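Coordinates as given in my_file.cif (mmCIF, C-alpha atoms and all ligand atoms):
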data_protein
loop_
_atom_site.label_atom_id
_atom_site.label_comp_id
_atom_site.auth_asym_id
_atom_site.auth_seq_id
_atom_site.Cartn_x
_atom_site.Cartn_y
_atom_site.Cartn_z
CA MET A 13 14.40 -11.97 1.94
CA SER A 14 16.81 -9.39 0.71
CA GLU A 15 20.40 -9.39 1.75
CA GLN A 16 21.18 -8.28 5.24
CA GLN A 17 21.59 -4.54 5.48
CA ALA A 18 25.16 -3.37 5.75
CA GLY A 19 26.33 -2.42 9.19
CA GLY A 20 23.71 -4.38 11.03
CA PRO A 21 24.75 -6.22 14.13
CA PRO A 22 24.68 -10.01 14.10
CA ILE A 23 22.08 -11.20 16.55
CA GLY A 24 23.57 -14.04 18.50
CA GLY A 25 21.81 -17.26 19.29
CA VAL A 26 20.97 -17.85 22.93
CA GLY A 27 17.44 -18.97 22.09
CA GLN A 28 16.02 -22.29 21.12
CA ARG A 29 15.57 -21.67 17.46
CA GLY A 30 18.64 -23.60 16.37
CA LEU A 31 16.92 -26.73 17.64
CA LEU A 32 13.82 -26.26 15.56
CA ASN A 33 13.02 -27.20 12.05
CA GLY A 34 9.90 -27.07 9.93
CA TRP A 35 6.96 -25.12 11.29
CA VAL A 36 7.74 -23.32 14.48
CA LEU A 37 4.14 -22.26 14.92
CA GLU A 38 1.01 -24.05 13.79
CA THR A 39 -2.59 -23.39 14.60
CA ASP A 40 -5.08 -26.05 13.72
CA GLY A 41 -8.80 -25.35 13.53
CA LEU A 42 -8.37 -22.52 16.00
CA THR A 43 -11.75 -21.10 17.02
CA LYS A 44 -12.84 -18.55 19.61
CA GLN A 45 -16.39 -17.69 20.46
CA PHE A 46 -17.38 -14.76 22.64
CA GLY A 47 -21.03 -15.60 23.34
CA GLN A 48 -22.78 -15.54 19.97
CA LEU A 49 -19.82 -13.96 18.20
CA THR A 50 -17.32 -16.21 16.48
CA ALA A 51 -14.25 -13.99 16.63
CA VAL A 52 -11.87 -16.62 15.21
CA ASP A 53 -13.30 -19.33 13.02
CA ASN A 54 -11.44 -22.57 12.29
CA LEU A 55 -8.18 -20.83 11.57
CA SER A 56 -5.09 -22.76 10.52
CA ILE A 57 -1.90 -20.79 10.08
CA ARG A 58 1.71 -21.90 9.84
CA LEU A 59 4.95 -20.08 10.40
CA GLN A 60 8.51 -21.17 9.76
CA PRO A 61 11.86 -19.74 10.89
CA GLY A 62 13.24 -16.95 8.75
CA GLU A 63 9.96 -15.72 7.34
CA VAL A 64 7.57 -12.86 7.97
CA LEU A 65 3.92 -13.86 7.84
CA GLY A 66 1.68 -10.85 7.39
CA PHE A 67 -1.54 -11.52 9.27
CA LEU A 68 -3.95 -9.18 7.67
CA GLY A 69 -7.57 -8.36 8.31
CA PRO A 70 -9.90 -5.42 8.84
CA ASN A 71 -10.50 -4.04 12.33
CA GLY A 72 -12.30 -6.58 14.47
CA SER A 73 -11.50 -9.54 12.21
CA GLY A 74 -9.89 -11.58 14.98
CA LYS A 75 -6.16 -10.90 14.66
CA SER A 76 -5.50 -9.94 18.28
CA THR A 77 -7.74 -12.73 19.55
CA THR A 78 -5.65 -15.19 17.50
CA VAL A 79 -2.44 -13.70 18.89
CA GLY A 80 -3.90 -14.00 22.40
CA MET A 81 -4.59 -17.71 21.83
CA ILE A 82 -1.08 -18.28 20.46
CA LEU A 83 0.38 -16.66 23.57
CA GLY A 84 -1.88 -18.68 25.85
CA LEU A 85 -3.66 -15.56 27.12
CA VAL A 86 -7.01 -16.39 25.52
CA ARG A 87 -8.41 -19.88 25.82
CA PRO A 88 -9.56 -21.32 22.48
CA THR A 89 -13.13 -22.59 22.18
CA ARG A 90 -11.81 -25.25 19.79
CA GLY A 91 -8.59 -26.10 18.05
CA VAL A 92 -4.99 -26.13 19.08
CA VAL A 93 -1.87 -23.97 18.96
CA LYS A 94 1.39 -25.82 18.54
CA ILE A 95 4.67 -24.05 19.20
CA ALA A 96 7.80 -25.95 18.23
CA GLY A 97 5.58 -29.00 17.89
CA LYS A 98 4.08 -28.74 21.39
CA ALA A 99 0.49 -27.82 22.20
CA ASN A 100 0.67 -24.58 24.17
CA HIS A 101 -2.12 -25.57 26.58
CA GLU A 102 -0.23 -28.72 27.56
CA HIS A 103 3.18 -27.04 27.67
CA PRO A 104 2.64 -23.43 28.77
CA GLU A 105 6.39 -23.01 29.30
CA VAL A 106 7.01 -23.38 25.57
CA VAL A 107 5.45 -19.94 24.99
CA SER A 108 7.84 -18.04 27.24
CA GLN A 109 10.78 -20.11 26.01
CA THR A 110 10.24 -19.49 22.33
CA THR A 111 8.08 -16.44 21.85
CA GLY A 112 8.57 -12.70 22.17
CA ALA A 113 5.59 -10.45 21.58
CA ILE A 114 4.61 -6.83 21.59
CA ILE A 115 0.91 -6.78 22.16
CA GLU A 116 0.48 -3.58 24.12
CA ASN A 117 2.79 -0.90 25.39
CA PRO A 118 5.49 -2.91 27.11
CA ALA A 119 6.24 -2.04 30.74
CA PHE A 120 9.52 -0.19 31.25
CA TYR A 121 10.96 1.74 34.16
CA PRO A 122 10.39 5.42 33.30
CA TYR A 123 13.39 6.79 35.22
CA MET A 124 15.85 4.25 33.83
CA SER A 125 17.56 4.57 30.48
CA GLY A 126 16.65 2.39 27.54
CA ARG A 127 19.91 0.50 27.92
CA ASP A 128 19.39 -0.10 31.63
CA ASN A 129 15.83 -1.25 30.99
CA LEU A 130 17.12 -3.85 28.52
CA LYS A 131 19.85 -4.85 30.97
CA ALA A 132 17.24 -5.39 33.67
CA LEU A 133 15.31 -7.66 31.33
CA ALA A 134 18.50 -9.53 30.44
CA ILE A 135 19.32 -10.11 34.11
CA ALA A 136 15.78 -11.36 34.73
CA ALA A 137 16.05 -13.73 31.76
CA GLY A 138 19.56 -14.89 32.68
CA ASN A 139 22.18 -16.21 30.30
CA VAL A 140 22.16 -13.21 27.98
CA PRO A 141 25.62 -12.12 26.75
CA ASP A 142 26.53 -8.48 27.51
CA THR A 143 27.16 -7.66 23.88
CA ARG A 144 23.59 -8.56 23.02
CA ILE A 145 22.13 -5.39 24.54
CA ASP A 146 24.33 -3.17 22.39
CA ASP A 147 23.58 -5.28 19.32
CA LEU A 148 19.88 -4.94 19.93
CA LEU A 149 20.09 -1.19 20.52
CA LYS A 150 21.87 -0.92 17.20
CA LEU A 151 19.32 -3.10 15.46
CA VAL A 152 16.47 -0.82 16.49
CA ASN A 153 18.44 2.39 15.90
CA MET A 154 18.46 3.37 19.55
CA THR A 155 22.20 3.49 20.21
CA GLU A 156 22.30 7.27 20.30
CA ARG A 157 19.50 7.68 22.80
CA ALA A 158 20.21 4.51 24.77
CA GLY A 159 21.45 6.51 27.75
CA SER A 160 18.40 8.78 28.03
CA LYS A 161 15.64 8.08 30.50
CA TYR A 162 12.79 6.02 29.06
CA LYS A 163 10.24 8.69 29.97
CA THR A 164 11.95 11.14 27.59
CA TYR A 165 11.45 8.87 24.56
CA SER A 166 9.04 9.56 21.73
CA LEU A 167 6.37 7.00 20.96
CA GLY A 168 8.46 5.67 18.07
CA MET A 169 11.50 5.22 20.30
CA LYS A 170 9.39 3.45 22.93
CA GLN A 171 8.05 1.13 20.29
CA ARG A 172 11.55 0.39 19.00
CA LEU A 173 12.82 -0.30 22.48
CA GLY A 174 9.80 -2.59 22.87
CA ILE A 175 10.95 -4.59 19.85
CA ALA A 176 14.46 -4.79 21.31
CA ALA A 177 12.93 -6.01 24.57
CA THR A 178 11.12 -8.87 22.83
CA LEU A 179 14.46 -9.96 21.36
CA VAL A 180 16.50 -10.04 24.58
CA THR A 181 15.91 -13.77 25.03
CA ASP A 182 16.44 -14.42 21.30
CA PRO A 183 13.00 -15.98 20.83
CA ALA A 184 12.36 -18.26 17.86
CA ILE A 185 9.02 -16.53 17.26
CA VAL A 186 8.47 -12.78 17.29
CA ILE A 187 4.88 -11.59 17.33
CA LEU A 188 4.14 -8.00 16.46
CA ASP A 189 0.51 -6.91 16.73
CA GLU A 190 0.05 -3.56 14.97
CA PRO A 191 3.61 -2.44 15.77
CA THR A 192 3.27 0.90 13.99
CA ASN A 193 -0.01 1.95 15.58
CA GLY A 194 0.04 5.63 16.42
CA LEU A 195 3.42 6.31 14.80
CA ASP A 196 4.08 9.02 12.22
CA PRO A 197 5.27 7.99 8.73
CA ALA A 198 8.94 8.23 9.68
CA GLY A 199 8.36 6.12 12.79
CA GLN A 200 6.40 3.58 10.75
CA ARG A 201 9.19 3.37 8.24
CA GLU A 202 11.77 2.73 10.94
CA ILE A 203 9.76 -0.15 12.35
CA ARG A 204 9.22 -1.50 8.83
CA SER A 205 12.95 -1.49 8.19
CA ILE A 206 13.54 -3.59 11.31
CA ILE A 207 11.04 -6.36 10.51
CA PRO A 208 12.83 -8.00 7.55
CA ARG A 209 16.05 -7.99 9.54
CA LEU A 210 14.40 -10.12 12.21
CA ALA A 211 13.59 -12.74 9.58
CA GLU A 212 17.09 -12.53 8.15
CA GLU A 213 18.39 -13.34 11.61
CA GLY A 214 16.28 -16.50 11.58
CA HIS A 215 13.34 -15.43 13.70
CA ALA A 216 9.87 -16.45 12.59
CA VAL A 217 7.86 -13.23 12.54
CA LEU A 218 4.09 -12.95 12.79
CA LEU A 219 3.03 -9.43 11.86
CA ALA A 220 -0.62 -8.71 12.59
CA SER A 221 -1.71 -5.53 10.90
CA HIS A 222 -4.45 -3.84 8.96
CA MET A 223 -1.87 -1.58 7.28
CA LEU A 224 -1.71 -3.01 3.80
CA HIS A 225 1.37 -1.35 2.42
CA GLU A 226 3.25 -2.19 5.59
CA VAL A 227 2.41 -5.85 5.22
CA GLU A 228 3.08 -5.89 1.49
CA GLN A 229 6.52 -4.38 1.90
CA VAL A 230 7.87 -6.64 4.61
CA SER A 231 6.05 -9.97 4.40
CA ASP A 232 7.12 -13.15 2.65
CA ARG A 233 3.66 -14.62 2.97
CA VAL A 234 0.31 -13.21 3.95
CA ALA A 235 -2.76 -14.73 5.54
CA ILE A 236 -5.83 -12.60 4.98
CA ILE A 237 -8.73 -13.07 7.37
CA ARG A 238 -12.19 -11.58 7.62
CA ARG A 239 -14.67 -12.18 10.41
CA GLY A 240 -12.24 -14.71 11.86
CA LYS A 241 -12.08 -16.84 8.70
CA MET A 242 -9.14 -17.39 6.40
CA LEU A 243 -9.83 -15.87 2.99
CA GLN A 244 -6.53 -16.38 1.29
CA GLU A 245 -3.02 -17.37 2.15
CA GLY A 246 0.11 -17.47 0.08
CA ARG A 247 3.35 -15.86 -0.96
CA VAL A 248 2.91 -12.15 -1.60
CA GLY A 249 4.37 -12.45 -5.12
CA ASP A 250 2.01 -15.31 -6.05
CA LEU A 251 -1.06 -13.56 -4.70
CA LEU A 252 -0.22 -10.40 -6.59
CA ALA A 253 0.82 -12.11 -9.82
CA SER A 254 -2.78 -12.90 -10.62
CA GLY A 255 -4.97 -9.90 -11.26
CA GLY A 256 -2.38 -7.56 -12.76
CA TYR A 257 -2.99 -6.13 -16.22
CA ILE A 258 -1.27 -4.27 -19.03
CA GLU A 259 -2.48 -0.77 -19.69
CA ILE A 260 -2.33 0.42 -23.30
CA SER A 261 -3.00 3.98 -24.42
CA VAL A 262 -4.34 4.47 -27.96
CA ALA A 263 -6.40 7.23 -29.59
CA PRO A 264 -10.09 6.96 -28.58
CA ASN A 265 -11.17 6.24 -32.18
CA GLU A 266 -8.75 3.30 -32.35
CA VAL A 267 -9.84 1.56 -29.18
CA GLY A 268 -12.22 -0.78 -31.02
CA ALA A 269 -9.71 -1.84 -33.65
CA ALA A 270 -6.97 -2.30 -31.06
CA ALA A 271 -9.24 -4.45 -28.92
CA GLU A 272 -10.05 -6.60 -31.94
CA ALA A 273 -6.40 -7.00 -32.93
CA LEU A 274 -5.38 -8.05 -29.42
CA SER A 275 -8.35 -10.38 -28.85
CA ARG A 276 -7.07 -12.45 -31.77
CA GLN A 277 -3.75 -13.15 -29.99
CA PRO A 278 -3.76 -16.57 -28.34
CA TRP A 279 -1.67 -15.36 -25.39
CA VAL A 280 -4.16 -12.62 -24.52
CA GLU A 281 -6.61 -13.76 -21.85
CA ARG A 282 -8.95 -10.79 -21.72
CA VAL A 283 -9.30 -7.34 -23.25
CA GLU A 284 -11.25 -4.53 -21.63
CA ALA A 285 -11.89 -1.35 -23.62
CA ARG A 286 -11.39 1.95 -21.81
CA GLU A 287 -12.01 5.50 -22.98
CA ALA A 288 -8.50 6.13 -24.25
CA GLY A 289 -7.03 2.67 -24.30
CA LEU A 290 -7.31 -0.89 -23.12
CA HIS A 291 -6.63 -3.07 -20.12
CA VAL A 292 -5.28 -6.40 -21.25
CA SER A 293 -4.76 -9.53 -19.19
CA ALA A 294 -1.70 -11.25 -20.61
CA PRO A 295 1.68 -12.44 -19.35
CA ALA A 296 3.57 -9.53 -17.79
CA ASP A 297 6.36 -9.72 -20.39
CA SER A 298 4.06 -9.38 -23.43
CA GLY A 299 4.75 -5.67 -23.96
CA SER A 300 6.69 -6.06 -27.20
CA ALA A 301 4.30 -8.72 -28.56
CA ILE A 302 1.40 -6.35 -27.89
CA ASN A 303 3.25 -3.57 -29.63
CA ARG A 304 3.90 -5.76 -32.67
CA ALA A 305 0.25 -6.91 -32.89
CA LEU A 306 -0.94 -3.32 -32.73
CA VAL A 307 1.56 -2.06 -35.32
CA GLU A 308 0.53 -4.88 -37.65
CA ALA A 309 -3.03 -3.56 -37.32
CA GLY A 310 -1.77 -0.05 -38.15
CA ILE A 311 -2.14 1.24 -34.60
CA TYR A 312 0.61 3.01 -32.64
CA ALA A 313 0.24 2.85 -28.87
CA GLY A 314 1.19 5.93 -26.87
CA GLN A 315 2.12 3.80 -23.89
CA ILE A 316 2.20 0.16 -22.84
CA ALA A 317 2.62 -0.32 -19.10
CA THR A 318 2.34 -3.34 -16.83
CA GLN A 319 0.16 -2.61 -13.83
CA ARG A 320 0.79 -4.93 -10.94
CA ASN A 321 -2.03 -5.85 -8.62
CA THR A 322 -1.44 -4.45 -5.16
CA LEU A 323 -2.21 -6.13 -1.91
CA GLU A 324 -4.71 -3.36 -1.38
CA ASP A 325 -6.62 -4.34 -4.56
CA LEU A 326 -6.63 -7.97 -3.48
CA PHE A 327 -7.55 -7.17 0.09
CA LEU A 328 -10.44 -4.92 -0.86
CA GLU A 329 -11.69 -7.49 -3.33
CA LEU A 330 -11.58 -10.23 -0.71
CA THR A 331 -12.85 -8.27 2.26
CA GLU A 332 -15.50 -6.21 0.49
CA PRO A 333 -18.31 -6.00 3.05
CA THR A 334 -21.33 -8.12 2.23
CA GLU A 335 -24.86 -7.27 3.27
CA SER A 336 -24.62 -9.59 6.23
CA ASP A 337 -21.67 -7.63 7.57
CA ALA A 338 -22.31 -5.38 10.50
CA ALA A 339 -20.99 -1.84 10.34
CA GLY A 340 -17.24 -1.55 10.56
CA GLY A 341 -14.49 -3.37 8.76
CA GLU A 342 -12.48 -0.24 8.18
CA VAL A 343 -9.33 -0.66 6.24
CA GLN A 344 -6.34 1.57 6.16
CA ALA A 345 -4.20 1.43 3.06
N1 LIG A 401 -12.89 -10.31 25.51
C1 LIG A 401 -13.79 -10.16 24.53
N2 LIG A 401 -15.11 -10.29 24.77
C2 LIG A 401 -16.01 -10.15 23.77
N3 LIG A 401 -15.70 -9.89 22.51
C3 LIG A 401 -14.39 -9.74 22.20
C4 LIG A 401 -13.38 -9.86 23.18
N4 LIG A 401 -12.16 -9.68 22.58
C5 LIG A 401 -12.43 -9.43 21.28
N5 LIG A 401 -13.77 -9.48 21.04
C6 LIG A 401 -14.42 -9.30 19.73
O1 LIG A 401 -13.85 -10.22 18.83
C7 LIG A 401 -13.72 -9.65 17.54
C8 LIG A 401 -12.30 -9.73 17.08
O2 LIG A 401 -11.52 -8.82 17.84
P1 LIG A 401 -9.94 -8.67 17.67
O3 LIG A 401 -9.49 -7.69 18.67
O4 LIG A 401 -9.35 -10.02 17.70
O5 LIG A 401 -9.82 -8.08 16.21
P2 LIG A 401 -8.56 -7.45 15.46
O6 LIG A 401 -8.52 -8.11 14.12
O7 LIG A 401 -7.36 -7.53 16.32
O8 LIG A 401 -8.99 -5.94 15.26
P3 LIG A 401 -8.09 -4.60 15.20
O9 LIG A 401 -7.58 -4.48 13.79
O10 LIG A 401 -9.11 -3.54 15.49
O11 LIG A 401 -7.03 -4.70 16.25
C9 LIG A 401 -14.26 -8.23 17.65
O12 LIG A 401 -15.60 -8.22 17.22
C10 LIG A 401 -14.15 -7.94 19.12
O13 LIG A 401 -15.11 -7.00 19.54
MG MG A 402 -6.03 -6.11 17.06
#
Take the structure from the file and write it as structure tokens.
Ligand SMILES: Nc1ncnc2c1ncn2[C@@H]1O[C@H](COP(=O)(O)OP(=O)(O)OP(=O)(O)O)[C@@H](O)[C@H]1O
Ligand SMILES: [Mg+2]
Amino acid sequence: MSEQQAGGPPIGGVGQRGLLNGWVLETDGLTKQFGQLTAVDNLSIRLQPGEVLGFLGPNGSGKSTTVGMILGLVRPTRGVVKIAGKANHEHPEVVSQTTGAIIENPAFYPYMSGRDNLKALAIAAGNVPDTRIDDLLKLVNMTERAGSKYKTYSLGMKQRLGIAATLVTDPAIVILDEPTNGLDPAGQREIRSIIPRLAEEGHAVLLASHMLHEVEQVSDRVAIIRRGKMLQEGRVGDLLASGGYIEISVAPNEVGAAAEALSRQPWVERVEAREAGLHVSAPADSGSAINRALVEAGIYAGQIATQRNTLEDLFLELTEPTESDAAGGEVQA
């Protein structure tokens, strides 16, 4: 992750995460059937401290059901959820000890201020240092409005206070299920800026979302599911490294000759002719080699630009509805 943002408060460690190493969350063969429907199908995901795992899938693909099983709210048909090495059905206490989650609108007292709401949660949890509330308010950019009554907050402020609330007990795992739902672009951006900071502080963050650019911007790894099944999992950079291309503009009457010249280069994997240029699959740093090969063939390119694959390209490729798909599967980029 990037360096910690300047001015951010250090988030102290009252939680259990210092005791943990390796995977803090593991699901193994997790499956949930609702009657005939297999909502989650043999899903194995892993999460370690200090990383954001983007859990991505179209509407109805089983993200919230998976989150429900992790939190012990939905009983798996098969498979197991292990939190800090313990199966959550055998050790239900491990969930509340190690996990903070926003799954719906969190319950706050409407006539109390944001700060007092957090204080109430801290008293209920016990053992929370006083300074933590102010640190958390700062983290979620709520210091200025911390004294106002909760009921006067905008949706974005409520959501930010909700994130602060999940952090009161300093949980090892933070689960955010569609945290920017219903927020305007500025509100979405504020939430997005908070997520990497949670990982920098050592939390393991599971971010379930169908918002592709949100996930791409803040995740270290992504797990992409469709109809409850894992389609692909990996580091964002690795997943996007494959599938990019280099776009070359040449005069339309030179496209053929340029394609021929580049096809002869051993480092060029594939050449696709376009109306006014070419798309070339080759190592991302081959710009000058491409230029040289073209010049040697007497062709001068107007532009040579590396086009990175986006998570959206990958996602749409992977989750493209098949004929057996029922209606739905909407995706928001
Ligand atoms: N309690 C339930 N009873 C029956 N079917 C359910 C139940 N909960 C979820 N489902 C179904 O399971 C599937 C997965 O739902 P889920 O809410 O996990 O998807 P999701 O990926 O979170 O979707 P979204 O992006 O819309 O939040 C859907 O087809 C849903 O209708
Ligand atoms: Mg959901």
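Between atom O11 of ligand LIG 401 (chain A) and CA of Ile237 (chain A) the separation is 12.3 Å.
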Open item on the list: Can you work out which residues are within 9 Å of ligand LIG 401 (chain A), considering all atoms listed in the file, and then hand them over as a ChimeraX atom specification?
Closed with: /A:44-47,49-52,68-80,86,189-190,220-222,237-240,341-343
Task: Long-range neighbours of Tyr257 (chain A) as a list in words, 8 Å cut-off, all atoms listed in the file, 2 positions minimum in chain - done: Gly255, Glu259, His291, Val292, Ser293, Ala294, Ala296, Thr318, Gln319, Arg320 and Asn321 of chain A
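Distance annotation: of A:Pro278, A:Pro88, A:Gly112, A:Gly174, the residue with the minimal separation from Arg127 (chain A) is A:Gly174; atom set is only C-alpha atoms.
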Task: Minimum-distance residue to ligand MG 402 (chain A), chosen among A:Lys150, A:Ala134, A:Ala253, A:Phe67 (using only C-alpha atoms and all ligand atoms) - done: A:Phe67
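If you measure from each of A:Ile95, A:Leu148, A:Met223, A:Val283 to ligand MG 402 (chain A) using all atoms listed in the file, the closest one turns out to be A:Met223.
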- [ ] List the neighbours of Gln109 (chain A) out to 12 Å using all atoms listed in the file; skip same-chain residues closer than 5 positions along the sequence, and give me the result as an MDAnalysis selection string.
- [x] chainID A and resid 26:29 83 95:96 98 100 103:104 137 178:186
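The list of residues within 8 Å of (-6.4, -31.6, 18.1), counted using all atoms listed in the file, is Asp40, Gly91 and Val92 of chain A.
Those residues that approach Thr322 (chain A) to within 9 Å, counting all atoms listed in the file, are A:His225, A:Glu228, A:Leu252, A:Gly255, A:Gly256, A:Leu326, A:Phe327; same-chain residues fewer than 4 positions away are not listed.
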